[in-house]
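> Attaching a single structure in structure tokens format; questions to follow.
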Amino acid sequence: MGFNRPSKIQETALPMMLAEPPQNLIAQSQSGTGKTAAFVLAMLSRVDLSQRHPQCLCLSPTYELALQTGQVIEQMGKCCPDIKLAYAVRGNRLEKGQRISEQIVIGTPGTVMDWCTKLRFIDTKKIKVFVLDEADVMIATQGHQDQSIRIQRMLPKNCQMLLFSATFEDSVWKFAEKVVPDPNIIKLKREEETLDTIKQYYVLCDNKEEKYQALCNIYGAITIAQAMIFCHTRKTAGWLAAELSKEGHQVALLSGEMMVEQRAAVIQRFRDGKEKVLVTTNVCARGRHFSKMLRLKQQVPPEHFGFKFSKGIDVEQVSVVINFDLPVDKDGNPDCETYLHRIGRTGRFGKRGLAINMVDSKYSMNILNRIQDHFNKKIEKLDTDDLDEIEKITN
């Protein structure tokens, strides 16, 4: 699956999740850090192949996320053909009174609740592992919180409970404590997870033309699967996209004034590899916010479960993120949160990533130094006129 080494969350959580006797866990972990692969591995490892009934139950807050997690289960479990997966999502209708034989069930709270109570497809007393993913999103959706708690209360006392959330505000903690008794707790700082796998560099330039030349030099020296380039204004983004197109690059442009459907179409083309470069303003930086808009774009019937969804801008082929302009807030101070979100578009799923920052003034250098101090992580200087030096950064 392309994992070279465990991510922080995998390294910390897997020994707990795979321990005997099973241990409960509450973990804070961002999307794109490999947590799905971690809890999927835990579920797969608990399945008794001789038993043809649901043994692992995973709740997702949305239809799309359930399908995406199901895809990871199918990919990781492909060498165990006897392990079967059922989707408890809208539109997947089964005969009333039918008992299902699949050992892993993934679905949304409402449908899972129906399968456990009204329709009795699942014998909850035989569930060994219960996973609740994206708990912060779950409690933001009306009804999901109560349904999740009701499902959890039907499960046996020795069922292993695993809960994941990107944030841990008070409301999430209260919910987690109701759902997971006697838990181990993992709280990883977002920057700790994100910056662990990303090499960061900066390039000194005098103006936007020099920035563009530096960009061309980088492209000429290293192999880039796909790249995301962040600009501060729509005007700069439009200019840069046009210049790159003239050079023959396949470029997609994304900015805030576009309609939701247009943005979703651009993202889908980028995800499908039809364009190799995505030039964007901050609309793409925060994947969690943008994912809400993406979810409006498509209702996929159950027979198309092979379709690949994303929680945000999770494009696995993105190997380089370039800050053509450094992120600043409305007062001109460094926006460290946005910086983290931006460079977090690479280094996904435990893979190595590369972030390059363009610096064109003393003011920009000051912003970069403050970002560096904030995260306590050195950002190295890169000379883009030295092709050998550029090549070294990918080794």
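Identifiers in the structure tokens: chain A, B, ... in order shown; residue index from 1 per chain; ligand index from 1 in order shown.
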Name the residues in contact with Gln10 of chain A at a cut-off of 12 Å, using only C-alpha atoms, excluding same-chain residues fewer than 4 positions from it; report them as a ChimeraX atom specification.
/A:3,5-6,14-18,27-29,32-42,186,188,193,349-350
> Set the distance at 12 Å and use only C-alpha atoms: which residues neighbour segment 367-375 of chain A once local chain neighbours fewer than 6 positions away are removed? I'd like the list as a PyMOL selection string.
chain A and resi 189-196+200-204+323+325-329+332-340+356-361+381
> If we count only C-alpha atoms, what is near segment 160-166 of chain A at a cut-off of 9 Å, once residues fewer than 2 positions away on the same chain are taken out, given as a PDB file with all heavy atoms, in the first residue's frame?

```
ATOM      1  N   MET A  17      -3.995  -1.398  19.967  1.00  0.00           N
ATOM      2  CA  MET A  17      -5.152  -1.985  19.301  1.00  0.00           C
ATOM      3  C   MET A  17      -4.994  -3.482  19.052  1.00  0.00           C
ATOM      4  O   MET A  17      -5.964  -4.218  18.974  1.00  0.00           O
ATOM      5  CB  MET A  17      -5.428  -1.256  17.975  1.00  0.00           C
ATOM      6  CG  MET A  17      -5.915   0.164  18.171  1.00  0.00           C
ATOM      7  SD  MET A  17      -6.648   0.868  16.676  1.00  0.00           S
ATOM      8  CE  MET A  17      -5.214   1.167  15.677  1.00  0.00           C
ATOM      9  N   PRO A  22      -7.705  -7.460  24.341  1.00  0.00           N
ATOM     10  CA  PRO A  22      -7.965  -6.210  23.616  1.00  0.00           C
ATOM     11  C   PRO A  22      -8.135  -5.006  24.553  1.00  0.00           C
ATOM     12  O   PRO A  22      -8.696  -5.135  25.644  1.00  0.00           O
ATOM     13  CB  PRO A  22      -9.276  -6.511  22.869  1.00  0.00           C
ATOM     14  CG  PRO A  22      -9.291  -7.991  22.727  1.00  0.00           C
ATOM     15  CD  PRO A  22      -8.652  -8.524  23.983  1.00  0.00           C
ATOM     16  N   GLN A  23      -7.621  -3.865  24.102  1.00  0.00           N
ATOM     17  CA  GLN A  23      -7.700  -2.631  24.887  1.00  0.00           C
ATOM     18  C   GLN A  23      -8.546  -1.590  24.156  1.00  0.00           C
ATOM     19  O   GLN A  23      -8.530  -1.522  22.928  1.00  0.00           O
ATOM     20  CB  GLN A  23      -6.290  -2.069  25.111  1.00  0.00           C
ATOM     21  CG  GLN A  23      -5.366  -3.014  25.863  1.00  0.00           C
ATOM     22  CD  GLN A  23      -3.966  -2.444  25.998  1.00  0.00           C
ATOM     23  OE1 GLN A  23      -3.747  -1.236  25.892  1.00  0.00           O
ATOM     24  NE2 GLN A  23      -2.981  -3.311  26.244  1.00  0.00           N
ATOM     25  N   ASN A  24      -9.261  -0.780  24.920  1.00  0.00           N
ATOM     26  CA  ASN A  24     -10.046   0.312  24.339  1.00  0.00           C
ATOM     27  C   ASN A  24      -9.147   1.526  24.097  1.00  0.00           C
ATOM     28  O   ASN A  24      -8.145   1.717  24.780  1.00  0.00           O
ATOM     29  CB  ASN A  24     -11.195   0.699  25.268  1.00  0.00           C
ATOM     30  CG  ASN A  24     -12.226  -0.415  25.392  1.00  0.00           C
ATOM     31  OD1 ASN A  24     -12.246  -1.326  24.566  1.00  0.00           O
ATOM     32  ND2 ASN A  24     -13.059  -0.349  26.401  1.00  0.00           N
ATOM     33  N   LEU A  25      -9.558   2.364  23.134  1.00  0.00           N
ATOM     34  CA  LEU A  25      -8.701   3.488  22.747  1.00  0.00           C
ATOM     35  C   LEU A  25      -9.529   4.698  22.328  1.00  0.00           C
ATOM     36  O   LEU A  25     -10.511   4.573  21.587  1.00  0.00           O
ATOM     37  CB  LEU A  25      -7.805   3.064  21.567  1.00  0.00           C
ATOM     38  CG  LEU A  25      -6.921   4.143  20.932  1.00  0.00           C
ATOM     39  CD1 LEU A  25      -5.829   4.587  21.899  1.00  0.00           C
ATOM     40  CD2 LEU A  25      -6.298   3.625  19.642  1.00  0.00           C
ATOM     41  N   ILE A  26      -9.129   5.879  22.804  1.00  0.00           N
ATOM     42  CA  ILE A  26      -9.609   7.164  22.286  1.00  0.00           C
ATOM     43  C   ILE A  26      -8.383   7.873  21.721  1.00  0.00           C
ATOM     44  O   ILE A  26      -7.386   8.045  22.427  1.00  0.00           O
ATOM     45  CB  ILE A  26     -10.243   8.028  23.403  1.00  0.00           C
ATOM     46  CG1 ILE A  26     -11.524   7.386  23.936  1.00  0.00           C
ATOM     47  CG2 ILE A  26     -10.532   9.435  22.896  1.00  0.00           C
ATOM     48  CD1 ILE A  26     -12.125   8.107  25.137  1.00  0.00           C
ATOM     49  N   ALA A  27      -8.444   8.248  20.440  1.00  0.00           N
ATOM     50  CA  ALA A  27      -7.260   8.844  19.809  1.00  0.00           C
ATOM     51  C   ALA A  27      -7.616  10.077  19.006  1.00  0.00           C
ATOM     52  O   ALA A  27      -8.617  10.102  18.304  1.00  0.00           O
ATOM     53  CB  ALA A  27      -6.570   7.818  18.902  1.00  0.00           C
ATOM     54  N   GLN A  28      -6.778  11.082  19.134  1.00  0.00           N
ATOM     55  CA  GLN A  28      -6.902  12.285  18.322  1.00  0.00           C
ATOM     56  C   GLN A  28      -5.935  12.145  17.150  1.00  0.00           C
ATOM     57  O   GLN A  28      -4.741  11.940  17.337  1.00  0.00           O
ATOM     58  CB  GLN A  28      -6.536  13.524  19.134  1.00  0.00           C
ATOM     59  CG  GLN A  28      -6.635  14.815  18.331  1.00  0.00           C
ATOM     60  CD  GLN A  28      -6.362  16.044  19.180  1.00  0.00           C
ATOM     61  OE1 GLN A  28      -5.755  15.957  20.231  1.00  0.00           O
ATOM     62  NE2 GLN A  28      -6.819  17.186  18.736  1.00  0.00           N
ATOM     63  N   SER A  29      -6.484  12.226  15.935  1.00  0.00           N
ATOM     64  CA  SER A  29      -5.643  12.047  14.757  1.00  0.00           C
ATOM     65  C   SER A  29      -6.279  12.700  13.548  1.00  0.00           C
ATOM     66  O   SER A  29      -7.468  12.531  13.301  1.00  0.00           O
ATOM     67  CB  SER A  29      -5.440  10.555  14.493  1.00  0.00           C
ATOM     68  OG  SER A  29      -4.680  10.362  13.340  1.00  0.00           O
ATOM     69  N   GLN A  30      -5.489  13.459  12.797  1.00  0.00           N
ATOM     70  CA  GLN A  30      -5.993  14.137  11.599  1.00  0.00           C
ATOM     71  C   GLN A  30      -6.252  13.149  10.475  1.00  0.00           C
ATOM     72  O   GLN A  30      -5.661  12.078  10.439  1.00  0.00           O
ATOM     73  CB  GLN A  30      -4.956  15.155  11.100  1.00  0.00           C
ATOM     74  CG  GLN A  30      -4.598  16.202  12.117  1.00  0.00           C
ATOM     75  CD  GLN A  30      -5.808  16.970  12.591  1.00  0.00           C
ATOM     76  OE1 GLN A  30      -6.537  17.522  11.791  1.00  0.00           O
ATOM     77  NE2 GLN A  30      -6.024  17.007  13.886  1.00  0.00           N
ATOM     78  N   SER A  31      -7.122  13.526   9.532  1.00  0.00           N
ATOM     79  CA  SER A  31      -7.284  12.722   8.324  1.00  0.00           C
ATOM     80  C   SER A  31      -5.984  12.775   7.537  1.00  0.00           C
ATOM     81  O   SER A  31      -5.279  13.776   7.559  1.00  0.00           O
ATOM     82  CB  SER A  31      -8.439  13.243   7.466  1.00  0.00           C
ATOM     83  OG  SER A  31      -8.171  14.539   7.012  1.00  0.00           O
ATOM     84  N   LYS A  35      -4.588   6.720  10.088  1.00  0.00           N
ATOM     85  CA  LYS A  35      -5.387   6.114  11.159  1.00  0.00           C
ATOM     86  C   LYS A  35      -6.358   5.070  10.615  1.00  0.00           C
ATOM     87  O   LYS A  35      -6.609   4.059  11.268  1.00  0.00           O
ATOM     88  CB  LYS A  35      -6.139   7.177  11.949  1.00  0.00           C
ATOM     89  CG  LYS A  35      -7.272   7.846  11.190  1.00  0.00           C
ATOM     90  CD  LYS A  35      -8.003   8.862  12.048  1.00  0.00           C
ATOM     91  CE  LYS A  35      -8.988   9.676  11.231  1.00  0.00           C
ATOM     92  NZ  LYS A  35     -10.052   8.892  10.623  1.00  0.00           N
ATOM     93  N   PHE A  39      -6.851   1.273  12.194  1.00  0.00           N
ATOM     94  CA  PHE A  39      -8.004   0.591  12.800  1.00  0.00           C
ATOM     95  C   PHE A  39      -8.552  -0.513  11.905  1.00  0.00           C
ATOM     96  O   PHE A  39      -9.132  -1.486  12.385  1.00  0.00           O
ATOM     97  CB  PHE A  39      -9.088   1.561  13.287  1.00  0.00           C
ATOM     98  CG  PHE A  39      -9.898   2.298  12.258  1.00  0.00           C
ATOM     99  CD1 PHE A  39     -10.796   1.639  11.424  1.00  0.00           C
ATOM    100  CD2 PHE A  39      -9.833   3.687  12.159  1.00  0.00           C
ATOM    101  CE1 PHE A  39     -11.587   2.322  10.515  1.00  0.00           C
ATOM    102  CE2 PHE A  39     -10.604   4.383  11.238  1.00  0.00           C
ATOM    103  CZ  PHE A  39     -11.480   3.699  10.420  1.00  0.00           C
ATOM    104  N   ILE A 127     -20.446  -8.908  18.387  1.00  0.00           N
ATOM    105  CA  ILE A 127     -19.474  -7.932  17.873  1.00  0.00           C
ATOM    106  C   ILE A 127     -18.247  -7.891  18.791  1.00  0.00           C
ATOM    107  O   ILE A 127     -18.368  -7.728  20.000  1.00  0.00           O
ATOM    108  CB  ILE A 127     -20.100  -6.513  17.758  1.00  0.00           C
ATOM    109  CG1 ILE A 127     -21.269  -6.525  16.765  1.00  0.00           C
ATOM    110  CG2 ILE A 127     -19.042  -5.495  17.351  1.00  0.00           C
ATOM    111  CD1 ILE A 127     -20.891  -6.794  15.333  1.00  0.00           C
ATOM    112  N   LYS A 128     -17.059  -8.026  18.187  1.00  0.00           N
ATOM    113  CA  LYS A 128     -15.801  -8.026  18.953  1.00  0.00           C
ATOM    114  C   LYS A 128     -15.110  -6.664  18.952  1.00  0.00           C
ATOM    115  O   LYS A 128     -14.388  -6.326  19.883  1.00  0.00           O
ATOM    116  CB  LYS A 128     -14.820  -9.031  18.330  1.00  0.00           C
ATOM    117  CG  LYS A 128     -15.246 -10.468  18.351  1.00  0.00           C
ATOM    118  CD  LYS A 128     -14.134 -11.260  17.660  1.00  0.00           C
ATOM    119  CE  LYS A 128     -14.471 -12.725  17.561  1.00  0.00           C
ATOM    120  NZ  LYS A 128     -13.374 -13.440  16.872  1.00  0.00           N
ATOM    121  N   VAL A 129     -15.260  -5.930  17.832  1.00  0.00           N
ATOM    122  CA  VAL A 129     -14.584  -4.627  17.695  1.00  0.00           C
ATOM    123  C   VAL A 129     -15.596  -3.589  17.215  1.00  0.00           C
ATOM    124  O   VAL A 129     -16.322  -3.837  16.244  1.00  0.00           O
ATOM    125  CB  VAL A 129     -13.418  -4.689  16.679  1.00  0.00           C
ATOM    126  CG1 VAL A 129     -12.704  -3.333  16.612  1.00  0.00           C
ATOM    127  CG2 VAL A 129     -12.433  -5.787  17.018  1.00  0.00           C
ATOM    128  N   PHE A 130     -15.627  -2.458  17.904  1.00  0.00           N
ATOM    129  CA  PHE A 130     -16.503  -1.346  17.530  1.00  0.00           C
ATOM    130  C   PHE A 130     -15.627  -0.125  17.282  1.00  0.00           C
ATOM    131  O   PHE A 130     -14.896   0.316  18.172  1.00  0.00           O
ATOM    132  CB  PHE A 130     -17.510  -1.065  18.646  1.00  0.00           C
ATOM    133  CG  PHE A 130     -18.401   0.126  18.412  1.00  0.00           C
ATOM    134  CD1 PHE A 130     -19.284   0.163  17.348  1.00  0.00           C
ATOM    135  CD2 PHE A 130     -18.363   1.218  19.279  1.00  0.00           C
ATOM    136  CE1 PHE A 130     -20.107   1.256  17.131  1.00  0.00           C
ATOM    137  CE2 PHE A 130     -19.196   2.314  19.084  1.00  0.00           C
ATOM    138  CZ  PHE A 130     -20.067   2.332  18.006  1.00  0.00           C
ATOM    139  N   VAL A 131     -15.664   0.413  16.061  1.00  0.00           N
ATOM    140  CA  VAL A 131     -14.865   1.596  15.705  1.00  0.00           C
ATOM    141  C   VAL A 131     -15.803   2.763  15.434  1.00  0.00           C
ATOM    142  O   VAL A 131     -16.766   2.629  14.674  1.00  0.00           O
ATOM    143  CB  VAL A 131     -14.008   1.343  14.444  1.00  0.00           C
ATOM    144  CG1 VAL A 131     -13.215   2.602  14.072  1.00  0.00           C
ATOM    145  CG2 VAL A 131     -13.059   0.163  14.651  1.00  0.00           C
ATOM    146  N   LEU A 132     -15.514   3.899  16.043  1.00  0.00           N
ATOM    147  CA  LEU A 132     -16.270   5.111  15.773  1.00  0.00           C
ATOM    148  C   LEU A 132     -15.294   6.139  15.202  1.00  0.00           C
ATOM    149  O   LEU A 132     -14.407   6.613  15.906  1.00  0.00           O
ATOM    150  CB  LEU A 132     -16.938   5.618  17.047  1.00  0.00           C
ATOM    151  CG  LEU A 132     -18.162   6.509  16.791  1.00  0.00           C
ATOM    152  CD1 LEU A 132     -19.139   6.426  17.933  1.00  0.00           C
ATOM    153  CD2 LEU A 132     -17.742   7.940  16.567  1.00  0.00           C
ATOM    154  N   ASP A 133     -15.442   6.410  13.908  1.00  0.00           N
ATOM    155  CA  ASP A 133     -14.492   7.274  13.203  1.00  0.00           C
ATOM    156  C   ASP A 133     -15.028   8.703  13.088  1.00  0.00           C
ATOM    157  O   ASP A 133     -16.242   8.904  12.987  1.00  0.00           O
ATOM    158  CB  ASP A 133     -14.241   6.693  11.803  1.00  0.00           C
ATOM    159  CG  ASP A 133     -13.046   7.340  11.110  1.00  0.00           C
ATOM    160  OD1 ASP A 133     -12.224   7.977  11.800  1.00  0.00           O
ATOM    161  OD2 ASP A 133     -12.929   7.191   9.881  1.00  0.00           O
ATOM    162  N   GLU A 134     -14.111   9.674  13.088  1.00  0.00           N
ATOM    163  CA  GLU A 134     -14.473  11.094  12.926  1.00  0.00           C
ATOM    164  C   GLU A 134     -15.559  11.513  13.938  1.00  0.00           C
ATOM    165  O   GLU A 134     -16.610  12.037  13.574  1.00  0.00           O
ATOM    166  CB  GLU A 134     -14.954  11.364  11.490  1.00  0.00           C
ATOM    167  CG  GLU A 134     -13.952  10.983  10.418  1.00  0.00           C
ATOM    168  CD  GLU A 134     -12.960  12.091  10.093  1.00  0.00           C
ATOM    169  OE1 GLU A 134     -13.157  13.221  10.527  1.00  0.00           O
ATOM    170  OE2 GLU A 134     -11.983  11.807   9.379  1.00  0.00           O
ATOM    171  N   ALA A 135     -15.277  11.279  15.207  1.00  0.00           N
ATOM    172  CA  ALA A 135     -16.263  11.552  16.254  1.00  0.00           C
ATOM    173  C   ALA A 135     -16.701  13.006  16.286  1.00  0.00           C
ATOM    174  O   ALA A 135     -17.866  13.313  16.570  1.00  0.00           O
ATOM    175  CB  ALA A 135     -15.702  11.143  17.618  1.00  0.00           C
ATOM    176  N   ASP A 136     -15.790  13.943  15.983  1.00  0.00           N
ATOM    177  CA  ASP A 136     -16.150  15.359  16.004  1.00  0.00           C
ATOM    178  C   ASP A 136     -17.162  15.689  14.911  1.00  0.00           C
ATOM    179  O   ASP A 136     -18.052  16.521  15.094  1.00  0.00           O
ATOM    180  CB  ASP A 136     -14.919  16.260  15.909  1.00  0.00           C
ATOM    181  CG  ASP A 136     -13.968  15.864  14.786  1.00  0.00           C
ATOM    182  OD1 ASP A 136     -14.094  14.750  14.248  1.00  0.00           O
ATOM    183  OD2 ASP A 136     -13.084  16.672  14.439  1.00  0.00           O
ATOM    184  N   VAL A 137     -17.039  15.036  13.744  1.00  0.00           N
ATOM    185  CA  VAL A 137     -18.024  15.230  12.678  1.00  0.00           C
ATOM    186  C   VAL A 137     -19.340  14.540  13.061  1.00  0.00           C
ATOM    187  O   VAL A 137     -20.433  15.053  12.812  1.00  0.00           O
ATOM    188  CB  VAL A 137     -17.502  14.662  11.333  1.00  0.00           C
ATOM    189  CG1 VAL A 137     -18.522  14.883  10.219  1.00  0.00           C
ATOM    190  CG2 VAL A 137     -16.169  15.304  10.966  1.00  0.00           C
ATOM    191  N   GLN A 152     -23.718   1.493  20.801  1.00  0.00           N
ATOM    192  CA  GLN A 152     -22.652   1.065  21.707  1.00  0.00           C
ATOM    193  C   GLN A 152     -23.216   0.310  22.908  1.00  0.00           C
ATOM    194  O   GLN A 152     -22.631  -0.683  23.376  1.00  0.00           O
ATOM    195  CB  GLN A 152     -21.846   2.294  22.159  1.00  0.00           C
ATOM    196  CG  GLN A 152     -20.609   1.975  22.979  1.00  0.00           C
ATOM    197  CD  GLN A 152     -20.889   1.911  24.477  1.00  0.00           C
ATOM    198  OE1 GLN A 152     -21.927   2.375  24.948  1.00  0.00           O
ATOM    199  NE2 GLN A 152     -19.965   1.309  25.204  1.00  0.00           N
ATOM    200  N   LYS A 157     -19.846  -6.333  26.866  1.00  0.00           N
ATOM    201  CA  LYS A 157     -18.896  -5.587  27.697  1.00  0.00           C
ATOM    202  C   LYS A 157     -17.443  -5.822  27.273  1.00  0.00           C
ATOM    203  O   LYS A 157     -16.591  -4.963  27.459  1.00  0.00           O
ATOM    204  CB  LYS A 157     -19.077  -5.961  29.170  1.00  0.00           C
ATOM    205  CG  LYS A 157     -20.296  -5.295  29.803  1.00  0.00           C
ATOM    206  CD  LYS A 157     -20.254  -5.413  31.320  1.00  0.00           C
ATOM    207  CE  LYS A 157     -21.213  -4.462  32.009  1.00  0.00           C
ATOM    208  NZ  LYS A 157     -22.553  -4.443  31.480  1.00  0.00           N
ATOM    209  N   ASN A 158     -17.164  -6.993  26.713  1.00  0.00           N
ATOM    210  CA  ASN A 158     -15.779  -7.284  26.319  1.00  0.00           C
ATOM    211  C   ASN A 158     -15.462  -6.854  24.886  1.00  0.00           C
ATOM    212  O   ASN A 158     -14.400  -7.148  24.359  1.00  0.00           O
ATOM    213  CB  ASN A 158     -15.478  -8.779  26.489  1.00  0.00           C
ATOM    214  CG  ASN A 158     -16.345  -9.641  25.576  1.00  0.00           C
ATOM    215  OD1 ASN A 158     -17.311  -9.152  24.963  1.00  0.00           O
ATOM    216  ND2 ASN A 158     -16.019 -10.921  25.487  1.00  0.00           N
ATOM    217  N   PHE A 168     -10.454  17.553  19.815  1.00  0.00           N
ATOM    218  CA  PHE A 168     -10.975  17.100  21.101  1.00  0.00           C
ATOM    219  C   PHE A 168     -11.472  18.280  21.931  1.00  0.00           C
ATOM    220  O   PHE A 168     -10.905  18.627  22.955  1.00  0.00           O
ATOM    221  CB  PHE A 168      -9.916  16.315  21.872  1.00  0.00           C
ATOM    222  CG  PHE A 168      -9.972  14.839  21.635  1.00  0.00           C
ATOM    223  CD1 PHE A 168      -8.833  14.067  21.713  1.00  0.00           C
ATOM    224  CD2 PHE A 168     -11.165  14.204  21.314  1.00  0.00           C
ATOM    225  CE1 PHE A 168      -8.881  12.698  21.480  1.00  0.00           C
ATOM    226  CE2 PHE A 168     -11.226  12.845  21.076  1.00  0.00           C
ATOM    227  CZ  PHE A 168     -10.081  12.089  21.155  1.00  0.00           C
ATOM    228  N   VAL A 172     -16.669  16.771  22.362  1.00  0.00           N
ATOM    229  CA  VAL A 172     -16.159  15.503  21.829  1.00  0.00           C
ATOM    230  C   VAL A 172     -15.711  14.605  22.977  1.00  0.00           C
ATOM    231  O   VAL A 172     -15.988  13.395  22.986  1.00  0.00           O
ATOM    232  CB  VAL A 172     -14.989  15.746  20.843  1.00  0.00           C
ATOM    233  CG1 VAL A 172     -14.460  14.428  20.289  1.00  0.00           C
ATOM    234  CG2 VAL A 172     -15.426  16.648  19.698  1.00  0.00           C
ATOM    235  N   ALA A 176     -16.993  10.937  23.817  1.00  0.00           N
ATOM    236  CA  ALA A 176     -16.035   9.825  23.816  1.00  0.00           C
ATOM    237  C   ALA A 176     -16.095   9.039  25.125  1.00  0.00           C
ATOM    238  O   ALA A 176     -16.043   7.802  25.128  1.00  0.00           O
ATOM    239  CB  ALA A 176     -14.621  10.353  23.585  1.00  0.00           C
ATOM    240  N   VAL A 179     -18.938   6.630  25.215  1.00  0.00           N
ATOM    241  CA  VAL A 179     -18.879   5.524  24.258  1.00  0.00           C
ATOM    242  C   VAL A 179     -17.745   4.535  24.574  1.00  0.00           C
ATOM    243  O   VAL A 179     -17.866   3.344  24.288  1.00  0.00           O
ATOM    244  CB  VAL A 179     -18.711   6.079  22.817  1.00  0.00           C
ATOM    245  CG1 VAL A 179     -18.518   4.965  21.803  1.00  0.00           C
ATOM    246  CG2 VAL A 179     -19.923   6.911  22.417  1.00  0.00           C
ATOM    247  N   VAL A 180     -16.636   5.022  25.146  1.00  0.00           N
ATOM    248  CA  VAL A 180     -15.462   4.163  25.351  1.00  0.00           C
ATOM    249  C   VAL A 180     -15.108   4.066  26.833  1.00  0.00           C
ATOM    250  O   VAL A 180     -14.564   5.008  27.408  1.00  0.00           O
ATOM    251  CB  VAL A 180     -14.247   4.714  24.560  1.00  0.00           C
ATOM    252  CG1 VAL A 180     -13.062   3.754  24.680  1.00  0.00           C
ATOM    253  CG2 VAL A 180     -14.605   4.923  23.097  1.00  0.00           C
ATOM    254  N   PRO A 181     -15.427   2.939  27.474  1.00  0.00           N
ATOM    255  CA  PRO A 181     -15.071   2.775  28.894  1.00  0.00           C
ATOM    256  C   PRO A 181     -13.586   2.433  29.071  1.00  0.00           C
ATOM    257  O   PRO A 181     -12.990   1.766  28.230  1.00  0.00           O
ATOM    258  CB  PRO A 181     -15.956   1.600  29.339  1.00  0.00           C
ATOM    259  CG  PRO A 181     -16.248   0.833  28.087  1.00  0.00           C
ATOM    260  CD  PRO A 181     -16.205   1.804  26.955  1.00  0.00           C
ATOM    261  N   PRO A 183     -10.555   3.837  28.685  1.00  0.00           N
ATOM    262  CA  PRO A 183      -9.741   3.879  27.458  1.00  0.00           C
ATOM    263  C   PRO A 183      -8.268   4.181  27.700  1.00  0.00           C
ATOM    264  O   PRO A 183      -7.891   4.821  28.674  1.00  0.00           O
ATOM    265  CB  PRO A 183     -10.370   5.050  26.689  1.00  0.00           C
ATOM    266  CG  PRO A 183     -10.810   5.991  27.791  1.00  0.00           C
ATOM    267  CD  PRO A 183     -11.223   5.116  28.947  1.00  0.00           C
ATOM    268  N   ARG A 190      -1.286  18.136  16.005  1.00  0.00           N
ATOM    269  CA  ARG A 190      -1.446  18.060  14.555  1.00  0.00           C
ATOM    270  C   ARG A 190      -0.116  18.275  13.855  1.00  0.00           C
ATOM    271  O   ARG A 190       0.237  17.561  12.925  1.00  0.00           O
ATOM    272  CB  ARG A 190      -2.458  19.114  14.091  1.00  0.00           C
ATOM    273  CG  ARG A 190      -2.811  18.987  12.632  1.00  0.00           C
ATOM    274  CD  ARG A 190      -3.790  20.050  12.223  1.00  0.00           C
ATOM    275  NE  ARG A 190      -4.936  20.082  13.099  1.00  0.00           N
ATOM    276  CZ  ARG A 190      -5.837  21.053  13.089  1.00  0.00           C
ATOM    277  NH1 ARG A 190      -5.723  22.053  12.249  1.00  0.00           N
ATOM    278  NH2 ARG A 190      -6.866  21.033  13.907  1.00  0.00           N
TER     279      ARG A 190
END
```
> Using only C-alpha atoms, which residues sit within 8 Å of Thr124 of chain A once same-chain residues fewer than 4 positions away are excluded, as a list in words?
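Answer for this query is Cys116, Met154, Leu155 and Pro156 of chain A.
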> With C-alpha atoms retained, export the selected residues as a PDB file, in the first residue's frame.

```pdb
ATOM      1  CA  CYS A 116     -29.329  -3.860  14.638  1.00  0.00           C
ATOM      2  CA  MET A 154     -26.144  -2.990  22.680  1.00  0.00           C
ATOM      3  CA  LEU A 155     -22.600  -4.345  22.423  1.00  0.00           C
ATOM      4  CA  PRO A 156     -21.056  -6.883  24.839  1.00  0.00           C
TER       5      PRO A 156
END
```
> Would you pick out the contacts of Ile73 of chain A at 10 Å or less, using only C-alpha atoms, so that residues sharing its chain but fewer than 2 positions from it are not included, and give the list as a ChimeraX atom specification?
/A:36-37,39-41,43-44,67-71,75-78,83-85,104,106
> Can you pull out every residue within 7 Å of Leu254 of chain A, counting only C-alpha atoms, but drop anything in the same chain fewer than 4 positions away, and send it as a list in words?
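So the residues in contact are Arg263, Val279, Thr280 and Thr281 of chain A.
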> Write to file, as an mmCIF file, in the first residue's frame, the residues of the selection just made, with N, CA, C and O atoms.

```cif
data_model
loop_
_atom_site.group_PDB
_atom_site.id
_atom_site.type_symbol
_atom_site.label_atom_id
_atom_site.label_comp_id
_atom_site.auth_asym_id
_atom_site.auth_seq_id
_atom_site.Cartn_x
_atom_site.Cartn_y
_atom_site.Cartn_z
ATOM 1 N N ARG A 263 -15.933 23.822 -8.470
ATOM 2 C CA ARG A 263 -14.781 23.438 -7.649
ATOM 3 C C ARG A 263 -14.672 21.923 -7.543
ATOM 4 O O ARG A 263 -13.584 21.349 -7.667
ATOM 5 N N VAL A 279 -3.297 24.901 -9.148
ATOM 6 C CA VAL A 279 -2.984 26.235 -8.626
ATOM 7 C C VAL A 279 -4.231 26.738 -7.908
ATOM 8 O O VAL A 279 -5.326 26.748 -8.480
ATOM 9 N N THR A 280 -4.071 27.140 -6.660
ATOM 10 C CA THR A 280 -5.255 27.473 -5.865
ATOM 11 C C THR A 280 -4.987 28.577 -4.859
ATOM 12 O O THR A 280 -3.842 28.838 -4.489
ATOM 13 N N THR A 281 -6.061 29.232 -4.440
ATOM 14 C CA THR A 281 -5.988 30.140 -3.292
ATOM 15 C C THR A 281 -6.322 29.293 -2.060
ATOM 16 O O THR A 281 -6.378 28.078 -2.132
#
```
> For atom CA of Ile218 of chain A and atom CA of Lys377 of chain A, determine how far apart the two atoms are, in Å to one decimal place.
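Straight-line distance from atom CA of Ile218 of chain A to atom CA of Lys377 of chain A works out to 22.6 Å.
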> DSSP on the backbone, alpha helix (DSSP H) only: what residues of segment 43-179 of chain A does that give? Format it as an MDAnalysis selection string.
chainID A and resid 43:46 63:76 109:116 135:140 144:154 170:179
> Ranking A:Arg234, A:Arg150, A:Lys246, A:Arg269 by minimum distance to Val112 of chain A and counting only C-alpha atoms, which one comes first?
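Closest residue, counting only C-alpha atoms: A:Arg150.
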> How would you write, as a ChimeraX atom specification, the set of residues in segment 34-259 of chain A that DSSP gives as strand (DSSP E or B)?
/A:56-59,85-88,104-107,129-132,160-165,184-187,198-204,226-230,251-254
